[in-house]
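Enquirer: Contents of work-v1.cif (mmCIF, C-alpha atoms) are below:
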```cif
data_upload
#
loop_
_atom_site.label_atom_id
_atom_site.label_comp_id
_atom_site.auth_asym_id
_atom_site.auth_seq_id
_atom_site.Cartn_x
_atom_site.Cartn_y
_atom_site.Cartn_z
CA MET A 530 -7.25 38.06 38.42
CA SER A 531 -3.55 38.14 39.20
CA GLN A 532 -1.02 39.22 36.59
CA ARG A 533 0.29 35.66 36.36
CA ALA A 534 -3.21 34.22 35.81
CA ARG A 535 -3.91 36.86 33.16
CA GLY A 536 -0.63 35.98 31.47
CA ARG A 537 -1.54 32.27 31.50
CA ALA A 538 -4.97 32.99 30.03
CA ALA A 539 -3.45 35.15 27.27
CA LEU A 540 -0.92 32.40 26.51
CA GLY A 541 -3.72 29.82 26.45
CA ALA A 542 -5.80 31.92 24.05
CA GLU A 543 -2.81 32.48 21.77
CA GLU A 544 -2.02 28.78 21.83
CA ALA A 545 -5.62 27.89 20.98
CA THR A 546 -5.55 30.32 18.05
CA TRP A 547 -2.32 28.80 16.78
CA SER A 548 -3.65 25.27 17.24
CA ARG A 549 -6.78 26.02 15.24
CA ALA A 550 -4.76 27.76 12.52
CA VAL A 551 -2.27 24.89 12.17
CA GLY A 552 -5.09 22.33 12.20
CA ARG A 553 -6.86 24.21 9.42
CA VAL A 554 -3.64 24.37 7.39
CA VAL A 555 -3.33 20.57 7.64
CA VAL A 556 -6.95 20.07 6.57
CA ALA A 557 -6.43 22.56 3.71
CA LEU A 558 -3.32 20.65 2.62
CA ALA A 559 -5.31 17.41 2.52
CA VAL A 560 -8.11 19.03 0.54
CA ALA A 561 -5.56 20.54 -1.88
CA LEU A 562 -4.04 17.10 -2.42
CA VAL A 563 -7.47 15.58 -3.07
CA LEU A 564 -8.11 18.29 -5.67
CA PHE A 565 -4.64 17.80 -7.20
CA GLN A 566 -5.27 14.07 -7.58
CA ALA A 567 -8.79 14.66 -8.87
CA VAL A 568 -7.44 16.96 -11.59
CA GLY A 569 -4.92 14.25 -12.52
CA LEU A 570 -7.76 11.72 -12.66
CA VAL A 571 -9.82 13.85 -14.99
CA ARG A 572 -6.80 14.59 -17.19
CA ASP A 573 -5.46 11.06 -17.29
CA GLY A 574 -8.44 8.93 -16.31
CA GLU A 575 -7.87 6.14 -18.81
CA ARG A 576 -4.50 5.34 -17.27
CA LEU A 577 -6.25 4.44 -13.99
CA ARG A 578 -8.57 1.92 -15.54
CA GLY A 579 -5.88 -0.65 -14.89
CA LEU A 580 -4.32 -2.63 -17.68
CA VAL A 581 -6.62 -2.53 -20.64
CA ARG A 582 -7.13 -5.79 -22.49
CA GLY A 583 -5.74 -5.56 -25.99
CA GLN A 584 -3.39 -2.68 -25.23
CA PRO A 585 0.41 -3.16 -25.42
CA ALA A 586 1.89 -4.39 -22.13
CA PRO A 587 4.19 -1.80 -20.48
CA ALA A 588 7.86 -2.39 -21.30
CA LEU A 589 9.90 -4.33 -18.74
CA ARG A 590 13.62 -4.75 -18.25
CA LEU A 591 14.58 -6.22 -14.90
CA PRO A 592 17.45 -8.05 -13.23
CA THR A 593 16.85 -11.74 -12.64
CA LEU A 594 17.92 -14.08 -9.89
CA ALA A 595 20.24 -15.99 -12.17
CA GLY A 596 21.28 -15.12 -15.68
CA PRO A 597 20.90 -12.04 -17.86
CA PRO A 598 18.33 -9.30 -17.25
CA PHE A 599 14.80 -10.09 -18.30
CA SER A 600 13.16 -7.99 -20.99
CA LEU A 601 9.61 -8.41 -22.22
CA GLU A 602 10.80 -7.68 -25.77
CA GLN A 603 12.97 -10.79 -25.84
CA TRP A 604 9.87 -13.02 -25.46
CA ARG A 605 7.90 -11.40 -28.28
CA GLY A 606 6.30 -14.28 -30.18
CA ARG A 607 5.70 -16.25 -26.99
CA VAL A 608 2.87 -15.97 -24.48
CA VAL A 609 4.23 -14.45 -21.28
CA LEU A 610 2.59 -15.13 -17.94
CA LEU A 611 3.70 -12.55 -15.35
CA GLU A 612 3.18 -12.89 -11.63
CA PHE A 613 3.69 -9.84 -9.40
CA TRP A 614 4.36 -11.04 -5.87
CA ALA A 615 6.14 -10.45 -2.57
CA THR A 616 7.95 -12.94 -0.36
CA TRP A 617 5.70 -12.37 2.67
CA CYS A 618 2.51 -13.25 0.76
CA PRO A 619 1.45 -16.94 1.12
CA PRO A 620 -1.05 -16.98 -1.80
CA CYS A 621 1.72 -15.55 -3.99
CA ARG A 622 4.04 -18.40 -3.04
CA GLU A 623 1.32 -20.92 -3.93
CA LYS A 624 1.09 -19.25 -7.33
CA LEU A 625 4.85 -19.74 -7.85
CA ALA A 626 4.32 -23.50 -7.76
CA LEU A 627 1.41 -23.14 -10.18
CA LEU A 628 3.59 -21.11 -12.56
CA GLU A 629 6.25 -23.79 -12.51
CA ARG A 630 3.63 -26.46 -13.30
CA LEU A 631 2.25 -24.38 -16.19
CA GLN A 632 5.77 -23.74 -17.48
CA ASP A 633 6.53 -27.48 -17.37
CA GLU A 634 3.30 -28.32 -19.19
CA LEU A 635 3.09 -25.49 -21.71
CA GLY A 636 6.64 -24.19 -22.17
CA ALA A 637 7.09 -26.24 -25.33
CA ARG A 638 3.88 -24.76 -26.73
CA GLY A 639 5.14 -21.21 -26.35
CA LEU A 640 4.55 -20.17 -22.73
CA GLN A 641 7.13 -18.27 -20.73
CA ALA A 642 6.30 -17.74 -17.04
CA VAL A 643 8.02 -14.85 -15.28
CA THR A 644 7.69 -13.93 -11.62
CA ILE A 645 8.43 -10.37 -10.51
CA GLU A 646 9.07 -9.81 -6.82
CA ILE A 647 8.07 -6.18 -6.28
CA GLU A 648 10.01 -5.29 -3.14
CA GLY A 649 13.53 -5.98 -4.36
CA ASN A 650 14.02 -8.67 -1.70
CA ARG A 651 16.62 -10.65 -3.64
CA GLU A 652 17.97 -12.72 -0.73
CA ARG A 653 14.58 -14.03 0.38
CA VAL A 654 13.59 -14.75 -3.24
CA SER A 655 16.79 -16.70 -3.66
CA GLN A 656 16.02 -18.73 -0.54
CA LEU A 657 12.43 -19.50 -1.58
CA VAL A 658 13.42 -20.42 -5.12
CA GLY A 659 16.17 -22.64 -3.72
CA GLU A 660 13.62 -24.46 -1.56
CA GLN A 661 11.31 -24.85 -4.55
CA ALA A 662 14.21 -26.21 -6.66
CA GLU A 663 15.05 -28.71 -3.92
CA ARG A 664 11.45 -29.95 -3.91
CA ARG A 665 11.62 -30.38 -7.68
CA ARG A 666 14.88 -32.33 -7.42
CA ARG A 667 13.33 -34.63 -4.83
CA GLY A 668 10.34 -35.11 -7.13
CA GLY A 669 12.67 -36.08 -9.99
CA LEU A 670 11.96 -32.92 -12.02
CA ALA A 671 14.49 -30.88 -13.99
CA ALA A 672 15.25 -27.27 -13.05
CA SER A 673 12.33 -24.97 -13.78
CA ALA A 674 12.44 -22.63 -16.77
CA VAL A 675 10.46 -19.97 -14.91
CA VAL A 676 12.30 -16.62 -14.87
CA TYR A 677 12.58 -15.06 -11.41
CA ALA A 678 12.93 -11.29 -11.83
CA ILE A 679 13.49 -8.73 -9.10
CA GLY A 680 11.33 -5.63 -9.44
CA THR A 681 10.41 -2.43 -7.63
CA ASP A 682 7.38 -0.33 -6.74
CA THR A 683 7.83 1.51 -10.04
CA VAL A 684 7.37 -1.67 -12.04
CA ALA A 685 4.31 -2.58 -9.96
CA GLU A 686 2.91 0.87 -10.63
CA ALA A 687 3.49 0.56 -14.36
CA TYR A 688 1.36 -2.60 -14.28
CA ARG A 689 -1.24 -0.99 -11.95
CA VAL A 690 -0.60 -3.61 -9.26
CA GLN A 691 -2.92 -2.75 -6.40
CA THR A 692 -2.88 -6.08 -4.62
CA ILE A 693 -0.85 -9.26 -4.90
CA PRO A 694 -0.65 -11.78 -6.34
CA GLN A 695 -1.49 -10.21 -9.69
CA LEU A 696 -1.12 -12.32 -12.80
CA VAL A 697 -1.00 -10.88 -16.28
CA VAL A 698 -1.24 -12.93 -19.46
CA ILE A 699 0.53 -11.22 -22.36
CA GLY A 700 -0.12 -12.41 -25.89
CA ARG A 701 2.42 -13.20 -28.56
CA ARG A 702 2.24 -9.67 -29.98
CA GLY A 703 2.93 -8.15 -26.58
CA GLU A 704 -0.69 -7.24 -25.85
CA VAL A 705 -2.37 -7.59 -22.44
CA ARG A 706 -4.84 -10.47 -22.67
CA HIS A 707 -5.92 -11.15 -19.12
CA VAL A 708 -5.38 -9.81 -15.59
CA GLN A 709 -6.11 -11.91 -12.52
CA VAL A 710 -5.91 -10.54 -9.00
CA GLY A 711 -5.75 -12.50 -5.74
CA GLY A 712 -5.49 -16.19 -4.92
CA GLY A 713 -7.44 -19.05 -6.52
CA GLY A 714 -8.75 -19.08 -10.06
CA GLU A 715 -6.39 -21.79 -11.43
CA ASP A 716 -8.96 -23.06 -13.92
CA GLU A 717 -9.64 -19.56 -15.23
CA LEU A 718 -5.92 -18.90 -15.55
CA ARG A 719 -5.31 -22.16 -17.44
CA GLN A 720 -8.17 -21.31 -19.76
CA GLN A 721 -6.81 -17.83 -20.44
CA VAL A 722 -3.27 -19.11 -21.04
CA ALA A 723 -4.60 -21.80 -23.38
CA GLN A 724 -6.60 -19.21 -25.33
CA ALA A 725 -3.55 -16.95 -25.58
CA LEU A 726 -1.43 -19.85 -26.84
CA MET A 727 -4.00 -20.76 -29.46
CA ALA A 728 -4.52 -17.19 -30.64
CA SER A 729 -2.11 -16.17 -33.39
CA ALA A 730 0.04 -19.25 -32.90
CA PRO A 731 3.19 -18.95 -35.03
CA ALA A 732 2.82 -20.78 -38.31
CA GLY A 733 4.39 -24.21 -38.44
CA GLY A 734 5.19 -24.73 -34.81
CA GLY A 735 5.61 -23.30 -31.40
CA SER A 736 2.11 -23.84 -30.12
CA GLY A 737 1.66 -27.34 -31.42
CA ALA A 738 -2.07 -26.64 -31.48
CA GLY A 739 -1.98 -24.95 -34.84
CA ALA A 740 -5.26 -23.20 -34.19
CA THR A 741 -6.20 -19.59 -34.29
CA ARG A 742 -9.13 -17.81 -32.76
CA MET B 1390 -14.38 22.51 24.10
CA GLN B 1391 -12.05 21.99 21.12
CA GLY B 1392 -12.95 21.00 17.59
CA PHE B 1393 -11.13 18.62 15.24
CA SER B 1394 -8.79 21.20 13.71
CA ALA B 1395 -7.93 22.67 17.12
CA ARG B 1396 -7.04 19.24 18.53
CA LEU B 1397 -5.10 18.34 15.38
CA GLY B 1398 -3.16 21.61 15.38
CA GLY B 1399 -2.80 21.42 19.16
CA MET B 1400 -1.05 18.05 18.91
CA LEU B 1401 1.47 19.71 16.59
CA VAL B 1402 2.11 23.02 18.35
CA ALA B 1403 1.20 22.35 22.00
CA PRO B 1404 0.90 18.61 22.62
CA ARG B 1405 1.22 18.76 26.43
CA ALA B 1406 -1.67 21.21 26.84
CA THR B 1407 -3.78 19.40 24.22
CA LEU B 1408 -3.27 16.03 25.91
CA ALA B 1409 -4.02 17.55 29.32
CA ARG B 1410 -7.28 18.99 27.96
CA ALA B 1411 -8.15 15.70 26.26
CA ALA B 1412 -7.61 13.81 29.54
CA ALA B 1413 -9.98 16.11 31.46
CA PRO B 1414 -13.42 14.75 32.41
CA GLY B 1415 -16.00 15.30 29.68
CA ALA B 1416 -13.39 15.91 26.96
CA ARG B 1417 -14.10 14.60 23.47
CA GLY B 1418 -12.08 13.55 20.43
CA GLY B 1419 -9.23 11.15 19.95
CA LEU B 1420 -10.40 8.08 18.06
CA PRO B 1421 -12.97 10.08 16.04
CA ASP B 1422 -10.15 12.49 15.10
CA LEU B 1423 -8.02 9.54 14.02
CA TRP B 1424 -10.85 8.26 11.80
CA ALA B 1425 -11.38 11.71 10.29
CA LEU B 1426 -7.69 12.21 9.54
CA LEU B 1427 -7.35 8.71 8.07
CA LEU B 1428 -10.28 9.40 5.74
CA LEU B 1429 -8.62 12.63 4.64
CA LEU B 1430 -5.28 10.87 4.24
CA VAL B 1431 -6.67 8.07 2.08
CA ALA B 1432 -8.61 10.53 -0.08
CA ALA B 1433 -5.58 12.83 -0.40
CA LEU B 1434 -2.95 10.19 -1.16
CA ARG B 1435 -4.85 7.24 -2.61
CA LEU B 1436 -7.61 8.76 -4.72
CA PRO B 1437 -6.42 7.10 -7.96
CA GLN B 1438 -6.32 3.69 -6.27
CA LEU B 1439 -9.81 4.24 -4.80
CA VAL B 1440 -11.13 5.08 -8.24
CA ALA B 1441 -9.26 2.13 -9.79
CA GLY B 1442 -10.73 -0.22 -7.15
CA ALA B 1443 -14.24 1.09 -7.77
CA TRP B 1444 -13.76 0.79 -11.53
CA TYR B 1445 -12.45 -2.78 -11.14
CA ALA B 1446 -15.43 -3.72 -8.96
CA ILE B 1447 -17.94 -2.31 -11.44
CA ASP B 1448 -16.31 -3.22 -14.76
CA VAL B 1449 -14.28 -6.37 -14.13
CA SER B 1450 -14.97 -8.28 -10.94
CA PRO B 1451 -16.94 -7.19 -7.86
CA VAL B 1452 -14.89 -9.52 -5.65
CA GLY B 1453 -11.58 -8.36 -7.12
CA GLY B 1454 -12.59 -4.71 -6.75
CA LEU B 1455 -13.70 -5.28 -3.17
CA LEU B 1456 -10.36 -6.99 -2.47
CA LEU B 1457 -8.51 -3.99 -3.88
CA LEU B 1458 -10.50 -1.55 -1.76
CA LEU B 1459 -10.19 -3.69 1.38
CA ASN B 1460 -6.46 -3.98 0.83
CA LEU B 1461 -6.21 -0.23 0.42
CA ALA B 1462 -8.23 0.42 3.57
CA ALA B 1463 -6.30 -2.15 5.58
CA ARG B 1464 -2.95 -0.66 4.54
CA ALA B 1465 -4.08 2.80 5.66
CA VAL B 1466 -5.94 1.89 8.81
CA VAL B 1467 -4.38 -1.11 10.52
CA LEU B 1468 -1.09 0.38 11.69
CA PRO B 1469 -2.53 3.62 13.20
CA PHE B 1470 -5.24 1.67 15.00
CA VAL B 1471 -2.91 -0.99 16.32
CA ALA B 1472 -0.63 1.82 17.51
CA SER B 1473 -3.49 3.61 19.27
CA LEU B 1474 -4.71 0.39 20.90
CA LEU B 1475 -1.23 -0.59 22.08
CA GLY B 1476 -0.60 3.00 23.19
CA GLY B 1477 -3.96 2.96 24.99
CA ALA B 1478 -2.99 -0.23 26.81
CA LEU B 1479 0.29 1.38 27.88
CA LEU B 1480 -1.50 4.50 29.13
CA TRP B 1481 -4.03 2.34 30.99
CA TRP B 1482 -1.16 0.60 32.74
CA VAL B 1483 0.58 3.89 33.56
CA GLY B 1484 -2.61 5.69 34.55
CA GLN B 1485 -3.71 2.89 36.88
CA GLY B 1486 -7.20 2.71 35.42
CA ARG B 1487 -8.28 6.26 36.24
CA LEU B 1488 -9.68 7.10 32.80
CA PRO B 1489 -10.67 3.76 31.26
CA ALA B 1490 -12.75 5.31 28.47
CA ARG B 1491 -10.09 7.81 27.38
CA TYR B 1492 -6.85 5.84 27.07
CA ALA B 1493 -7.35 4.78 23.44
CA ASP B 1494 -8.48 8.34 22.64
CA LEU B 1495 -5.34 9.83 24.16
CA ALA B 1496 -3.15 7.36 22.28
CA ALA B 1497 -5.09 8.12 19.09
CA LEU B 1498 -4.28 11.80 19.54
CA CYS B 1499 -0.59 10.81 19.81
CA VAL B 1500 -0.87 9.13 16.37
CA LEU B 1501 -2.17 12.28 14.65
CA PRO B 1502 1.19 14.09 14.17
CA ALA B 1503 2.70 10.96 12.56
CA LEU B 1504 -0.20 10.95 10.08
CA VAL B 1505 0.31 14.66 9.39
CA LEU B 1506 3.96 13.87 8.65
CA GLN B 1507 2.84 11.10 6.30
CA LEU B 1508 0.42 13.46 4.57
CA THR B 1509 3.01 16.21 4.19
CA VAL B 1510 5.91 14.04 3.02
CA ASN B 1511 3.81 11.98 0.62
CA GLY B 1512 2.11 15.12 -0.62
CA LEU B 1513 5.49 16.65 -1.42
CA VAL B 1514 6.63 13.39 -2.99
CA LEU B 1515 3.67 13.51 -5.41
CA LEU B 1516 5.23 16.67 -6.80
CA ALA B 1517 8.86 15.52 -6.54
CA PRO B 1518 10.93 13.57 -9.08
CA GLU B 1519 10.67 9.78 -8.96
CA SER B 1520 14.23 9.42 -7.62
CA VAL B 1521 13.19 11.11 -4.37
CA GLN B 1522 10.22 8.84 -3.76
CA PRO B 1523 12.07 5.89 -2.12
CA LEU B 1524 13.17 8.28 0.65
CA ALA B 1525 9.59 8.95 1.71
CA ARG B 1526 8.79 5.59 3.28
CA PRO B 1527 11.76 5.41 5.72
CA LEU B 1528 11.39 9.09 6.56
CA VAL B 1529 7.71 8.71 7.41
CA GLY B 1530 8.26 5.37 9.17
CA VAL B 1531 11.12 6.47 11.40
CA GLY B 1532 10.00 10.07 11.89
CA GLY B 1533 6.39 9.14 12.57
CA GLY B 1534 7.36 6.32 14.92
CA VAL B 1535 9.69 8.51 16.96
CA TRP B 1536 7.10 11.29 17.13
CA PHE B 1537 4.37 8.88 18.29
CA VAL B 1538 6.57 7.33 20.98
CA GLY B 1539 7.63 10.78 22.18
CA LEU B 1540 4.03 11.97 22.48
CA LEU B 1541 2.99 8.76 24.18
CA THR B 1542 5.73 9.38 26.73
CA VAL B 1543 4.39 12.89 27.31
CA ALA B 1544 0.87 11.49 27.81
CA ALA B 1545 2.14 8.75 30.14
CA ARG B 1546 4.07 11.28 32.22
CA ALA B 1547 1.01 13.52 32.49
CA LEU B 1548 -1.10 10.56 33.62
CA ARG B 1549 1.53 9.40 36.09
CA GLY B 1550 1.78 12.96 37.47
CA ALA B 1551 -2.01 13.12 37.83
CA ALA B 1552 -2.09 9.72 39.55
CA ALA B 1553 0.67 10.63 42.05
#
```
Output the file's structure in the form of structure tokens.
Expert:
Amino acid sequence: MSQRARGRAALGAEEATWSRAVGRVVVALAVALVLFQAVGLVRDGERLRGLVRGQPAPALRLPTLAGPPFSLEQWRGRVVLLEFWATWCPPCREKLALLERLQDELGARGLQAVTIEIEGNRERVSQLVGEQAERRRRGGLAASAVVYAIGTDTVAEAYRVQTIPQLVVIGRRGEVRHVQVGGGGEDELRQQVAQALMASAPAGGGSGAGATR
Amino acid sequence: MQGFSARLGGMLVAPRATLARAAAPGARGGLPDLWALLLLLVAALRLPQLVAGAWYAIDVSPVGGLLLLLNLAARAVVLPFVASLLGGALLWWVGQGRLPARYADLAALCVLPALVLQLTVNGLVLLAPESVQPLARPLVGVGGGVWFVGLLTVAARALRGAAA
């Protein structure tokens, strides 16, 4: 074997050793991260069980498309219907129209619908809401009372949003009452909102139903 | 013959030689390595979401839980596989059909370093303050994309050289 060939072979062997070592470091890093997350899961498992019905809804304070910032606290005493969505998601946009219908129908009984776009895409939200408002004008309807808030990943994380659209019904005392994920399910949502409105309705008004569960 | 860790490390420290070995007749790896690394990546970075999806499927709604898990899998898998298929098509065009079974494998190997970058950056971000986290996505997106394109160019040049 010539000196050059021996040199190449030695270089190849060294390179193979390095490659294996680096590859193993990467695999070890991945395994370490799995363990790190697993420890977190064991320590804080309840947090991962999503939003727990009956527990207080995480606090929210977000900028809105028009008007003052939105805060969950300000709607205490009303039933709040939250939608987490993104502008590129067609089922989410269908839900926006549903939220406006529910707000029109049930706003006087104590419902406040709030949409939270989770990617901070204010311009596109403004455009979509403008189109929706134009459709309402053409249909002879007044401007919608739905609040359009602009959120971030952090907000989505606080509400354990794994997929969109995610709808959350929050009761009058600020407790999580129902979580709905994905498209469809209008009947179920209406039923849950109605139940939330009836439960602990403020005495002498607001809900109009006057019933408690 | 190289194993998974040798090919993975090889794509980081000696990509030319690793790609040349992977393009040789009878070589293995590529797409299986991509699968293996994606599994590791999802387990390492998305374990809480996997558990949450499983919990949701069992405790709340099987369909909703399945949707969560599918969404999670799609977000992790689609982009690397589309990249390896597109890269494979490019290598097929450059290589003039000499290694029809290996093009997607070679492109898949080119995706591995971008996934290692994603694993490293996101792993660090898990330990970093929240204010640093928004920097991770552009860093991984741009860095990983540039790295993949660079490696694909190396693979294409090697194939073109072999074809000439």
Enquirer: When the cut-off is 7 Å and we count only C-alpha atoms, which residues of chain B are near chain A, given as JSON, numbers by chain?
Expert: {"B": [1394, 1395, 1397, 1398, 1399, 1402, 1429, 1430, 1432, 1433, 1436, 1437, 1441, 1444, 1453, 1457, 1460, 1512]}
Enquirer: Measure the distance from atom CA of Ala1493 of chain B to atom CA of Gly1476 of chain B in Å and round it to one decimal.
Expert: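 Going from atom CA of Ala1493 of chain B over to atom CA of Gly1476 of chain B covers 7.0 Å.
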Enquirer: Decode the PyMOL selection byres ((chain A and resi 639-652) around 9) for the given file into explicit residues and return them as a PDB file with C-alpha atoms, in the frame of the given file.
Expert:
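Saved to out00.pdb:
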```
ATOM      1  CA  LEU A 591      14.580  -6.220 -14.900  1.00  0.00           C
ATOM      2  CA  THR A 593      16.850 -11.740 -12.640  1.00  0.00           C
ATOM      3  CA  LEU A 594      17.920 -14.080  -9.890  1.00  0.00           C
ATOM      4  CA  PHE A 599      14.800 -10.090 -18.300  1.00  0.00           C
ATOM      5  CA  TRP A 604       9.870 -13.020 -25.460  1.00  0.00           C
ATOM      6  CA  GLY A 606       6.300 -14.280 -30.180  1.00  0.00           C
ATOM      7  CA  ARG A 607       5.700 -16.250 -26.990  1.00  0.00           C
ATOM      8  CA  VAL A 608       2.870 -15.970 -24.480  1.00  0.00           C
ATOM      9  CA  VAL A 609       4.230 -14.450 -21.280  1.00  0.00           C
ATOM     10  CA  LEU A 610       2.590 -15.130 -17.940  1.00  0.00           C
ATOM     11  CA  LEU A 611       3.700 -12.550 -15.350  1.00  0.00           C
ATOM     12  CA  GLU A 612       3.180 -12.890 -11.630  1.00  0.00           C
ATOM     13  CA  PHE A 613       3.690  -9.840  -9.400  1.00  0.00           C
ATOM     14  CA  TRP A 614       4.360 -11.040  -5.870  1.00  0.00           C
ATOM     15  CA  ALA A 615       6.140 -10.450  -2.570  1.00  0.00           C
ATOM     16  CA  THR A 616       7.950 -12.940  -0.360  1.00  0.00           C
ATOM     17  CA  LEU A 625       4.850 -19.740  -7.850  1.00  0.00           C
ATOM     18  CA  LEU A 628       3.590 -21.110 -12.560  1.00  0.00           C
ATOM     19  CA  GLU A 629       6.250 -23.790 -12.510  1.00  0.00           C
ATOM     20  CA  LEU A 631       2.250 -24.380 -16.190  1.00  0.00           C
ATOM     21  CA  GLN A 632       5.770 -23.740 -17.480  1.00  0.00           C
ATOM     22  CA  GLU A 634       3.300 -28.320 -19.190  1.00  0.00           C
ATOM     23  CA  LEU A 635       3.090 -25.490 -21.710  1.00  0.00           C
ATOM     24  CA  GLY A 636       6.640 -24.190 -22.170  1.00  0.00           C
ATOM     25  CA  ALA A 637       7.090 -26.240 -25.330  1.00  0.00           C
ATOM     26  CA  ARG A 638       3.880 -24.760 -26.730  1.00  0.00           C
ATOM     27  CA  ARG A 653      14.580 -14.030   0.380  1.00  0.00           C
ATOM     28  CA  VAL A 654      13.590 -14.750  -3.240  1.00  0.00           C
ATOM     29  CA  SER A 655      16.790 -16.700  -3.660  1.00  0.00           C
ATOM     30  CA  GLN A 656      16.020 -18.730  -0.540  1.00  0.00           C
ATOM     31  CA  LEU A 657      12.430 -19.500  -1.580  1.00  0.00           C
ATOM     32  CA  ALA A 674      12.440 -22.630 -16.770  1.00  0.00           C
ATOM     33  CA  VAL A 675      10.460 -19.970 -14.910  1.00  0.00           C
ATOM     34  CA  VAL A 676      12.300 -16.620 -14.870  1.00  0.00           C
ATOM     35  CA  TYR A 677      12.580 -15.060 -11.410  1.00  0.00           C
ATOM     36  CA  ALA A 678      12.930 -11.290 -11.830  1.00  0.00           C
ATOM     37  CA  ILE A 679      13.490  -8.730  -9.100  1.00  0.00           C
ATOM     38  CA  GLY A 680      11.330  -5.630  -9.440  1.00  0.00           C
ATOM     39  CA  THR A 681      10.410  -2.430  -7.630  1.00  0.00           C
ATOM     40  CA  ASP A 682       7.380  -0.330  -6.740  1.00  0.00           C
ATOM     41  CA  THR A 683       7.830   1.510 -10.040  1.00  0.00           C
ATOM     42  CA  VAL A 684       7.370  -1.670 -12.040  1.00  0.00           C
ATOM     43  CA  ALA A 685       4.310  -2.580  -9.960  1.00  0.00           C
ATOM     44  CA  ARG A 701       2.420 -13.200 -28.560  1.00  0.00           C
ATOM     45  CA  VAL A 722      -3.270 -19.110 -21.040  1.00  0.00           C
ATOM     46  CA  LEU A 726      -1.430 -19.850 -26.840  1.00  0.00           C
ATOM     47  CA  ALA A 730       0.040 -19.250 -32.900  1.00  0.00           C
ATOM     48  CA  GLY A 735       5.610 -23.300 -31.400  1.00  0.00           C
ATOM     49  CA  SER A 736       2.110 -23.840 -30.120  1.00  0.00           C
ATOM     50  CA  GLY A 737       1.660 -27.340 -31.420  1.00  0.00           C
TER      51      GLY A 737
END
```
Enquirer: What's the 9 Å shell around Leu718 of chain A, counting all atoms listed in the file, without same-chain residues fewer than 5 positions away, as an NGL selection string?
Expert: :A and (696 or 698 or 707 or 709 or 723)
Enquirer: Now that the selection is made, can you save its residues with C-alpha atoms as a PDB file, in the coordinates of the input?
Expert:
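Contents of the output file again_0.pdb:
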```pdb
ATOM      1  CA  LEU A 696      -1.120 -12.320 -12.800  1.00  0.00           C
ATOM      2  CA  VAL A 698      -1.240 -12.930 -19.460  1.00  0.00           C
ATOM      3  CA  HIS A 707      -5.920 -11.150 -19.120  1.00  0.00           C
ATOM      4  CA  GLN A 709      -6.110 -11.910 -12.520  1.00  0.00           C
ATOM      5  CA  ALA A 723      -4.600 -21.800 -23.380  1.00  0.00           C
TER       6      ALA A 723
END
```
Enquirer: One decimal, in Å: what's the spacing between atom CA of Gln603 of chain A and atom CA of Asp716 of chain A?
Expert: 27.8 Å
Enquirer: Can you list what the PyMOL selection byres ((chain B and resi 1547) around 12) grabs from this structure, as a VMD selection string?
Expert: chain B and resid 1404 to 1413 1480 1483 to 1484 1495 1540 to 1546 1548 to 1553
Enquirer: Can you tell me, as a PDB file with C-alpha atoms, in the coordinates of the input, what residues are no more than 10 Å from Phe1537 of chain B when counting all atoms listed in the file, ignoring any on the same chain fewer than 6 positions away?
Expert:
```
ATOM      1  CA  ALA B1472      -0.630   1.820  17.510  1.00  0.00           C
ATOM      2  CA  SER B1473      -3.490   3.610  19.270  1.00  0.00           C
ATOM      3  CA  GLY B1476      -0.600   3.000  23.190  1.00  0.00           C
ATOM      4  CA  ALA B1496      -3.150   7.360  22.280  1.00  0.00           C
ATOM      5  CA  ALA B1497      -5.090   8.120  19.090  1.00  0.00           C
ATOM      6  CA  LEU B1498      -4.280  11.800  19.540  1.00  0.00           C
ATOM      7  CA  CYS B1499      -0.590  10.810  19.810  1.00  0.00           C
ATOM      8  CA  VAL B1500      -0.870   9.130  16.370  1.00  0.00           C
ATOM      9  CA  LEU B1501      -2.170  12.280  14.650  1.00  0.00           C
ATOM     10  CA  PRO B1502       1.190  14.090  14.170  1.00  0.00           C
ATOM     11  CA  ALA B1503       2.700  10.960  12.560  1.00  0.00           C
ATOM     12  CA  LEU B1504      -0.200  10.950  10.080  1.00  0.00           C
ATOM     13  CA  VAL B1531      11.120   6.470  11.400  1.00  0.00           C
ATOM     14  CA  VAL B1543       4.390  12.890  27.310  1.00  0.00           C
TER      15      VAL B1543
END
```
Enquirer: Which is closer to Val1467 of chain B than all the others in B:Ile1447, B:Val1510, B:Leu1423, B:Val1538, using all atoms listed in the file?
Expert: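 Closest to Val1467 of chain B, using all atoms listed in the file: B:Leu1423.
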